[in-house]
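Visitor: Can you read through this structure? Questions will come right after.
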Amino acid sequence: MAPAEAAASAEGASRRWAVLDRLRAAADASDFVPFDRFMEIALYDPAVGYYAAPRSPLGPGGDFYTAAHVTPLFAQAVARRIRSVRSDLGSSERFRIAELGPGDGTLAAGVLAALAADPAGYEYVVVERSEARAEEAMARARKDRGEIPVRRLEWLGEEGPFTGVVLANEFLDAQPARRLRWDGTEWVELGVEIGRDGLAPSERGLARSVPGAPLPPVDEPGTVFEFSPAAEGTVREIGDHLEHGAALLLDYGAEQTELVRGRPRGTLAAFRGHRVVEDPWGDPGGSDLSVFVNFTRIRAAAQASGLTELAYRSQAEALGAWGFPQLLEDAVRAAGSAEAQVRLRLAAKNLLFGFENFRVLELGAGAPAST
Ligand SMILES: C[S@@+](CC[C@H](N)C(=O)[O-])C[C@H]1O[C@@H](n2cnc3c(N)ncnc32)[C@H](O)[C@@H]1O
């Protein structure tokens with residue numbers, strides 16, 4: 001083994017032991033950790049969590065791309081939507097764009113660049129729980145921001161109610177999720193059991209209640225049902241602190257009846273190096289974990305929080321409504337060569353058809369806004 005590989009493998013092994021220690025501390029008397037607690041530690045533990053690592057998980061050198069990495073036109077379309085929310089509000093005063101979970105800051109940088117020509121009144125705040133990602137996002141966002149101030153807030157409500165847009169792209173799917181299984185008679189909680197040799201998927205009787213919307217009726221024993229109390233809490237937080245404006249929530253997911261019927265084994269996925277990892281329990285802290293967003297529960301949480309649903313549609317439809325076709329045609333016309341034009345069209349195709357499970361939920365607060 002080459003020295004660099006040997007060092008990486010020793011580092012991986014010591015991280016695995018450290019994660020196991022954290023999980024042991026979180027386990028109940030039967031060595032069981034429910035899945036949401038497992039996901040919280042594996043992704044966000046400040047010392048050993050996946051998002052805490054210095055290496056960026058996003059982009060070509062990382063583990064996955066988001067739409068923001070496919071083409072800058074994505075961020076430009078988001079920026080157009082932000083401008084239209086602002087103009088609907090008739091707001092000339094301070095208008096905050098609060099991005100939840102900016103990751104490496106690619107989307108932030110693109111939105112800021114698109115707004116830089118007319119910067120008056122905007123401010124951009126990033127709300128990012130990982131120190132490493134916050135530093136990365138701030139550095140990237142500050143490059144092309146023009147005169148728009150960029151700051152970090154610890155949480156959305158840190159400075160009280162505000163007017164603006166809350167933006168969250170691939171944020172909700174990264175929130176710790178509970179996974180339940182219908183055993184034919186009742187629901188059981190899925191999670192992991194910590195043995196002497198490591199982790200194994202396991203289950204226990206349901207010990208915690210499921211607040212909010214009732215669980216969906218299912219016939220098929222073995223059906224897995226997933227939802228994220230943390231993601232629903234985020235929507236409540238938006239309802240509490242966004243006084244006027246809109247929230248743009250872009251993520252992969254579906255309505256819960258579609259999920260339990262169409263994906264009865266659940267949607268948990270792990271990624272490393274742009275590949276699916278077969279065993280999501282195998283390397284906690286070393287691979288990305290995500291679960292489809294249960295939009296039925298997210299929409300119910302939004303309604304209960306006093307937010308108005310402005311639109312719920314596929315990402316391709318939302319991009320269409322936000323002016324993506326025009327942005328593409330303008331970019332193609334301005335492209336310097338036939339090759340650049342082809343690249344633009346290929347990226348657009350990838351964005352519109354490669355993100356087919358993506359939905360966009362637009363929520364309004366205060367004054368009504370168009371879509
Ligand atoms: C999949 S990445 C998002 C990528 C980025 N939005 C983009 O469009 O490229 C999820 C990000 O959300 C952050 N995050 C997750 N939960 C958070 C929370 N409760 N508060 C702030 N940031 C959070 C993670 O640390 C990570 O950087």
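Within each chain, counting starts at residue 1; across the structure tokens, chains are named A, B, ... in the order shown, with ligands numbered 1 upward in that order.
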Wanna dump the chain A-ligand 1 contacts at 8 Å for me, each residue with its shortest atom pair and the distance in Å to one decimal, counting only C-alpha atoms and all ligand atoms, ordered by chain and number, as a Markdown table?
Guide:
| residue | atom | partner | partner_atom_place_in_ligand_line | distance |
| --- | --- | --- | --- | --- |
| A:Leu43 | CA | ligand 1 | 25 (O) | 7.8 |
| A:Tyr44 | CA | ligand 1 | 25 (O) | 6.9 |
| A:Tyr51 | CA | ligand 1 | 25 (O) | 5.2 |
| A:Ala52 | CA | ligand 1 | 25 (O) | 7.3 |
| A:Leu58 | CA | ligand 1 | 9 (O) | 7.0 |
| A:Tyr65 | CA | ligand 1 | 9 (O) | 7.1 |
| A:Thr66 | CA | ligand 1 | 9 (O) | 4.9 |
| A:Ala67 | CA | ligand 1 | 8 (O) | 6.6 |
| A:Ala68 | CA | ligand 1 | 8 (O) | 5.5 |
| A:His69 | CA | ligand 1 | 9 (O) | 6.9 |
| A:Glu99 | CA | ligand 1 | 6 (N) | 7.7 |
| A:Leu100 | CA | ligand 1 | 21 (C) | 5.6 |
| A:Gly101 | CA | ligand 1 | 12 (O) | 3.2 |
| A:Pro102 | CA | ligand 1 | 6 (N) | 4.1 |
| A:Gly103 | CA | ligand 1 | 27 (O) | 3.4 |
| A:Asp104 | CA | ligand 1 | 9 (O) | 6.4 |
| A:Gly105 | CA | ligand 1 | 9 (O) | 6.6 |
| A:Thr106 | CA | ligand 1 | 9 (O) | 5.9 |
| A:Leu107 | CA | ligand 1 | 8 (O) | 5.4 |
| A:Val127 | CA | ligand 1 | 21 (C) | 5.0 |
| A:Glu128 | CA | ligand 1 | 22 (N) | 3.5 |
| A:Arg129 | CA | ligand 1 | 21 (C) | 4.0 |
| A:Ser130 | CA | ligand 1 | 25 (O) | 4.7 |
| A:Arg133 | CA | ligand 1 | 27 (O) | 5.5 |
| A:Ala134 | CA | ligand 1 | 27 (O) | 7.5 |
| A:Glu154 | CA | ligand 1 | 21 (C) | 7.8 |
| A:Trp155 | CA | ligand 1 | 20 (N) | 6.9 |
| A:Ala168 | CA | ligand 1 | 6 (N) | 6.1 |
| A:Asn169 | CA | ligand 1 | 6 (N) | 4.4 |
| A:Glu170 | CA | ligand 1 | 1 (C) | 4.9 |
| A:Phe171 | CA | ligand 1 | 10 (C) | 4.8 |
| A:Leu172 | CA | ligand 1 | 16 (N) | 7.7 |
| A:Asp173 | CA | ligand 1 | 1 (C) | 7.6 |
| A:Ala174 | CA | ligand 1 | 10 (C) | 5.8 |
| A:Gln175 | CA | ligand 1 | 16 (N) | 5.7 |
| A:Ala230 | CA | ligand 1 | 19 (N) | 7.7 |
| A:Thr234 | CA | ligand 1 | 19 (N) | 7.6 |
Visitor: List every residue of stretch 177-342 of chain A that DSSP, applied to the backbone of this structure, assigns to strand (DSSP E or B), and report them as a ChimeraX atom specification.
Guide: /A:178-182,187-195,198-205,224-227,242-254,269-272,275-276,288-290,293-294,308-314
Visitor: Just how far from atom CA of A:Arg152 is atom CA of A:Glu131, in Å to one decimal?
Guide: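 Separation between atom CA of A:Glu131 and atom CA of A:Arg152: 10.7 Å.
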Visitor: What does the distance between atom CA of A:Pro149 and atom CA of A:Ser84 come to in Å, to one decimal place?
Guide: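 For atom CA of A:Pro149 relative to atom CA of A:Ser84, the distance reads 20.1 Å.
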Visitor: Distance atom CA of A:Arg142-atom CA of A:Asp118, one decimal place?
Guide: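 If I compute the distance from atom CA of A:Arg142 to atom CA of A:Asp118, I get 16.2 Å.
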Visitor: Using only C-alpha atoms, which residues sit within 7 Å of stretch 87-97 of chain A once same-chain residues fewer than 2 positions away are excluded, as a ChimeraX atom specification?
Guide: /A:83-85,99,121-125,163-166,367,369-370
Visitor: Please identify all polymer residues within 6 Å of stretch 264-275 of chain A, counting only C-alpha atoms, omitting same-chain residues fewer than 6 positions from it, and present them as a list in words.
Guide: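 In the requested form, the answer reads Gly62, Asp63, Phe64, Thr223, Val224, Ser287, Asp288, Leu289, Ser290, Val291 and Phe292 of chain A.
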Visitor: Name the residues in contact with A:Gly198 at a cut-off of 12 Å, using only C-alpha atoms, excluding same-chain residues fewer than 5 positions from it; report them as a ChimeraX atom specification.
Guide: /A:13,16-21,23-24,31,192-193,281-284
Visitor: Can I get the selection written as a PDB file, in the first residue's frame, with C-alpha atoms?
Guide:
ATOM      1  CA  ALA A  13     -10.117   3.196  10.978  1.00  0.00           C
ATOM      2  CA  ARG A  16     -14.719   4.541  12.684  1.00  0.00           C
ATOM      3  CA  TRP A  17     -13.708   3.701  16.255  1.00  0.00           C
ATOM      4  CA  ALA A  18     -14.445   7.258  17.390  1.00  0.00           C
ATOM      5  CA  VAL A  19     -17.907   7.165  15.737  1.00  0.00           C
ATOM      6  CA  LEU A  20     -18.624   3.821  17.400  1.00  0.00           C
ATOM      7  CA  ASP A  21     -17.750   5.386  20.771  1.00  0.00           C
ATOM      8  CA  LEU A  23     -22.896   5.833  19.085  1.00  0.00           C
ATOM      9  CA  ARG A  24     -22.313   3.629  22.134  1.00  0.00           C
ATOM     10  CA  ASP A  31     -27.344  -1.165  22.453  1.00  0.00           C
ATOM     11  CA  VAL A 192     -28.709   0.286  14.381  1.00  0.00           C
ATOM     12  CA  GLU A 193     -27.427  -2.081  16.992  1.00  0.00           C
ATOM     13  CA  TRP A 281     -23.970   1.359   8.094  1.00  0.00           C
ATOM     14  CA  GLY A 282     -20.468   0.424   6.998  1.00  0.00           C
ATOM     15  CA  ASP A 283     -18.656   3.730   7.304  1.00  0.00           C
ATOM     16  CA  PRO A 284     -20.580   6.212   9.473  1.00  0.00           C
TER      17      PRO A 284
END
Visitor: Can you list, as a list of chain:residue names, every protein, DNA or RNA residue that comes within 8 Å of stretch 315-322 of chain A when you count only C-alpha atoms, leaving out same-chain residues fewer than 2 positions away?
Guide: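 What passes the distance filter is A:Phe74, A:Ala77, A:Val78, A:Arg80, A:Arg81, A:Leu250, A:Arg313, A:Phe324, A:Pro325, A:Leu351, A:Leu352, A:Phe353, A:Phe355, A:Glu356, A:Phe358, A:Arg359, A:Val360, A:Thr371.
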Visitor: Need to verify the contact set: A:Arg297, 10 Å, only C-alpha atoms, exclusion of same-chain residues closer than 3 positions in sequence. Can you return it as an mmCIF file with all heavy atoms, in the first residue's frame?
Guide:
data_model
loop_
_atom_site.group_PDB
_atom_site.id
_atom_site.type_symbol
_atom_site.label_atom_id
_atom_site.label_comp_id
_atom_site.auth_asym_id
_atom_site.auth_seq_id
_atom_site.Cartn_x
_atom_site.Cartn_y
_atom_site.Cartn_z
ATOM 1 N N GLY A 212 -47.905 15.342 15.046
ATOM 2 C CA GLY A 212 -48.299 15.912 13.747
ATOM 3 C C GLY A 212 -49.212 14.976 12.987
ATOM 4 O O GLY A 212 -49.985 14.212 13.565
ATOM 5 N N ALA A 213 -49.065 15.009 11.659
ATOM 6 C CA ALA A 213 -49.965 14.258 10.779
ATOM 7 C C ALA A 213 -49.932 12.762 11.118
ATOM 8 O O ALA A 213 -48.889 12.233 11.508
ATOM 9 C CB ALA A 213 -49.530 14.475 9.335
ATOM 10 N N PRO A 214 -51.095 12.059 10.983
ATOM 11 C CA PRO A 214 -51.127 10.624 11.296
ATOM 12 C C PRO A 214 -50.268 9.809 10.328
ATOM 13 O O PRO A 214 -50.009 10.239 9.198
ATOM 14 C CB PRO A 214 -52.608 10.256 11.148
ATOM 15 C CG PRO A 214 -53.253 11.383 10.429
ATOM 16 C CD PRO A 214 -52.374 12.592 10.524
ATOM 17 N N LEU A 215 -49.840 8.636 10.758
ATOM 18 C CA LEU A 215 -49.049 7.754 9.884
ATOM 19 C C LEU A 215 -49.948 7.249 8.754
ATOM 20 O O LEU A 215 -51.148 7.049 8.953
ATOM 21 C CB LEU A 215 -48.515 6.574 10.693
ATOM 22 C CG LEU A 215 -47.498 6.954 11.775
ATOM 23 C CD1 LEU A 215 -47.169 5.762 12.655
ATOM 24 C CD2 LEU A 215 -46.233 7.477 11.126
ATOM 25 N N PHE A 227 -39.651 9.922 7.786
ATOM 26 C CA PHE A 227 -39.999 11.337 7.968
ATOM 27 C C PHE A 227 -38.938 11.957 8.868
ATOM 28 O O PHE A 227 -38.272 11.270 9.632
ATOM 29 C CB PHE A 227 -41.392 11.498 8.597
ATOM 30 C CG PHE A 227 -41.499 10.989 10.000
ATOM 31 C CD1 PHE A 227 -41.503 11.871 11.065
ATOM 32 C CD2 PHE A 227 -41.589 9.632 10.268
ATOM 33 C CE1 PHE A 227 -41.586 11.414 12.383
ATOM 34 C CE2 PHE A 227 -41.673 9.156 11.578
ATOM 35 C CZ PHE A 227 -41.678 10.046 12.634
ATOM 36 N N SER A 228 -38.797 13.277 8.752
ATOM 37 C CA SER A 228 -37.755 13.937 9.532
ATOM 38 C C SER A 228 -38.354 14.986 10.463
ATOM 39 O O SER A 228 -38.730 16.078 10.003
ATOM 40 C CB SER A 228 -36.738 14.595 8.601
ATOM 41 O OG SER A 228 -35.897 15.439 9.372
ATOM 42 N N PRO A 229 -38.417 14.705 11.766
ATOM 43 C CA PRO A 229 -38.875 15.726 12.709
ATOM 44 C C PRO A 229 -38.008 16.980 12.617
ATOM 45 O O PRO A 229 -38.505 18.102 12.776
ATOM 46 C CB PRO A 229 -38.719 15.054 14.087
ATOM 47 C CG PRO A 229 -38.744 13.580 13.800
ATOM 48 C CD PRO A 229 -38.109 13.428 12.450
ATOM 49 N N ALA A 231 -36.484 18.220 9.919
ATOM 50 C CA ALA A 231 -36.868 18.996 8.724
ATOM 51 C C ALA A 231 -38.185 19.726 8.980
ATOM 52 O O ALA A 231 -38.354 20.895 8.592
ATOM 53 C CB ALA A 231 -36.995 18.064 7.522
ATOM 54 N N GLU A 232 -39.115 19.049 9.657
ATOM 55 C CA GLU A 232 -40.399 19.698 9.964
ATOM 56 C C GLU A 232 -40.172 20.862 10.943
ATOM 57 O O GLU A 232 -40.814 21.904 10.832
ATOM 58 C CB GLU A 232 -41.376 18.672 10.548
ATOM 59 C CG GLU A 232 -41.803 17.645 9.507
ATOM 60 C CD GLU A 232 -42.374 16.359 10.098
ATOM 61 O OE1 GLU A 232 -42.976 16.400 11.193
ATOM 62 O OE2 GLU A 232 -42.207 15.299 9.460
ATOM 63 N N GLU A 255 -44.765 13.018 -2.086
ATOM 64 C CA GLU A 255 -45.848 12.883 -1.119
ATOM 65 C C GLU A 255 -45.723 11.503 -0.450
ATOM 66 O O GLU A 255 -45.249 10.552 -1.060
ATOM 67 C CB GLU A 255 -47.193 12.971 -1.847
ATOM 68 C CG GLU A 255 -47.518 14.345 -2.380
ATOM 69 C CD GLU A 255 -47.861 15.337 -1.260
ATOM 70 O OE1 GLU A 255 -48.434 14.922 -0.236
ATOM 71 O OE2 GLU A 255 -47.528 16.514 -1.424
ATOM 72 N N GLN A 256 -46.189 11.405 0.800
ATOM 73 C CA GLN A 256 -45.915 10.161 1.532
ATOM 74 C C GLN A 256 -46.630 8.940 0.950
ATOM 75 O O GLN A 256 -46.092 7.832 1.014
ATOM 76 C CB GLN A 256 -46.171 10.310 3.024
ATOM 77 C CG GLN A 256 -47.589 10.535 3.446
ATOM 78 C CD GLN A 256 -47.660 10.769 4.955
ATOM 79 O OE1 GLN A 256 -46.671 11.104 5.596
ATOM 80 N NE2 GLN A 256 -48.824 10.573 5.533
ATOM 81 N N VAL A 293 -37.323 13.570 1.083
ATOM 82 C CA VAL A 293 -38.160 14.437 1.918
ATOM 83 C C VAL A 293 -39.619 13.991 1.823
ATOM 84 O O VAL A 293 -40.142 13.777 0.724
ATOM 85 C CB VAL A 293 -38.031 15.910 1.455
ATOM 86 C CG1 VAL A 293 -38.998 16.807 2.215
ATOM 87 C CG2 VAL A 293 -36.590 16.384 1.637
ATOM 88 N N ASN A 294 -40.240 13.848 2.977
ATOM 89 C CA ASN A 294 -41.674 13.524 3.036
ATOM 90 C C ASN A 294 -42.432 14.858 2.939
ATOM 91 O O ASN A 294 -42.656 15.537 3.933
ATOM 92 C CB ASN A 294 -41.958 12.809 4.365
ATOM 93 C CG ASN A 294 -43.413 12.451 4.524
ATOM 94 O OD1 ASN A 294 -44.295 13.133 4.028
ATOM 95 N ND2 ASN A 294 -43.664 11.370 5.241
ATOM 96 N N ALA A 300 -47.691 19.982 5.646
ATOM 97 C CA ALA A 300 -48.589 20.103 6.811
ATOM 98 C C ALA A 300 -47.937 20.980 7.875
ATOM 99 O O ALA A 300 -48.601 21.824 8.492
ATOM 100 C CB ALA A 300 -48.912 18.712 7.369
ATOM 101 N N ALA A 301 -46.632 20.808 8.086
ATOM 102 C CA ALA A 301 -45.929 21.631 9.091
ATOM 103 C C ALA A 301 -45.961 23.101 8.670
ATOM 104 O O ALA A 301 -46.113 24.002 9.499
ATOM 105 C CB ALA A 301 -44.484 21.151 9.247
ATOM 106 N N ALA A 302 -45.840 23.353 7.361
ATOM 107 C CA ALA A 302 -45.867 24.732 6.860
ATOM 108 C C ALA A 302 -47.235 25.361 7.131
ATOM 109 O O ALA A 302 -47.342 26.486 7.631
ATOM 110 C CB ALA A 302 -45.552 24.758 5.370
ATOM 111 N N GLN A 303 -48.273 24.604 6.816
ATOM 112 C CA GLN A 303 -49.628 25.123 7.021
ATOM 113 C C GLN A 303 -49.871 25.411 8.509
ATOM 114 O O GLN A 303 -50.397 26.467 8.870
ATOM 115 C CB GLN A 303 -50.642 24.102 6.503
ATOM 116 C CG GLN A 303 -52.007 24.692 6.332
ATOM 117 C CD GLN A 303 -53.035 23.636 5.933
ATOM 118 O OE1 GLN A 303 -52.781 22.437 6.013
ATOM 119 N NE2 GLN A 303 -54.178 24.098 5.502
#
Visitor: Mind the document's chain letters and residue numbers, and return as a PyMOL selection string the residues of stretch 200-356 of chain A that DSSP labels alpha helix (DSSP H).
Guide: chain A and resi 229-241+256-262+295-304+315-321+324-334+338-353
Visitor: Restricting the calculation to only C-alpha atoms, which member of A:Asp144, A:Glu135, A:Glu339, A:Asp219 is positioned closest to A:Arg261?
Guide: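 Going through A:Asp144, A:Glu135, A:Glu339, A:Asp219 one by one, the smallest distance to A:Arg261 is for A:Asp219.
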Visitor: Considering only C-alpha atoms, tabulate each residue of stretch 38-124 of chain A that lies at most 10 Å from stretch 341-346 of chain A along with its nearest interatomic pair and the corresponding distance in Å to one decimal; arrange the rows by chain and ascending residue number and present them as JSON lines.
Guide:
{"residue": "A:Val70", "atom": "CA", "partner": "A:Leu346", "partner_atom": "CA", "distance": 9.7}
{"residue": "A:Thr71", "atom": "CA", "partner": "A:Leu344", "partner_atom": "CA", "distance": 7.8}
{"residue": "A:Pro72", "atom": "CA", "partner": "A:Leu344", "partner_atom": "CA", "distance": 9.8}
{"residue": "A:Leu73", "atom": "CA", "partner": "A:Leu344", "partner_atom": "CA", "distance": 9.0}
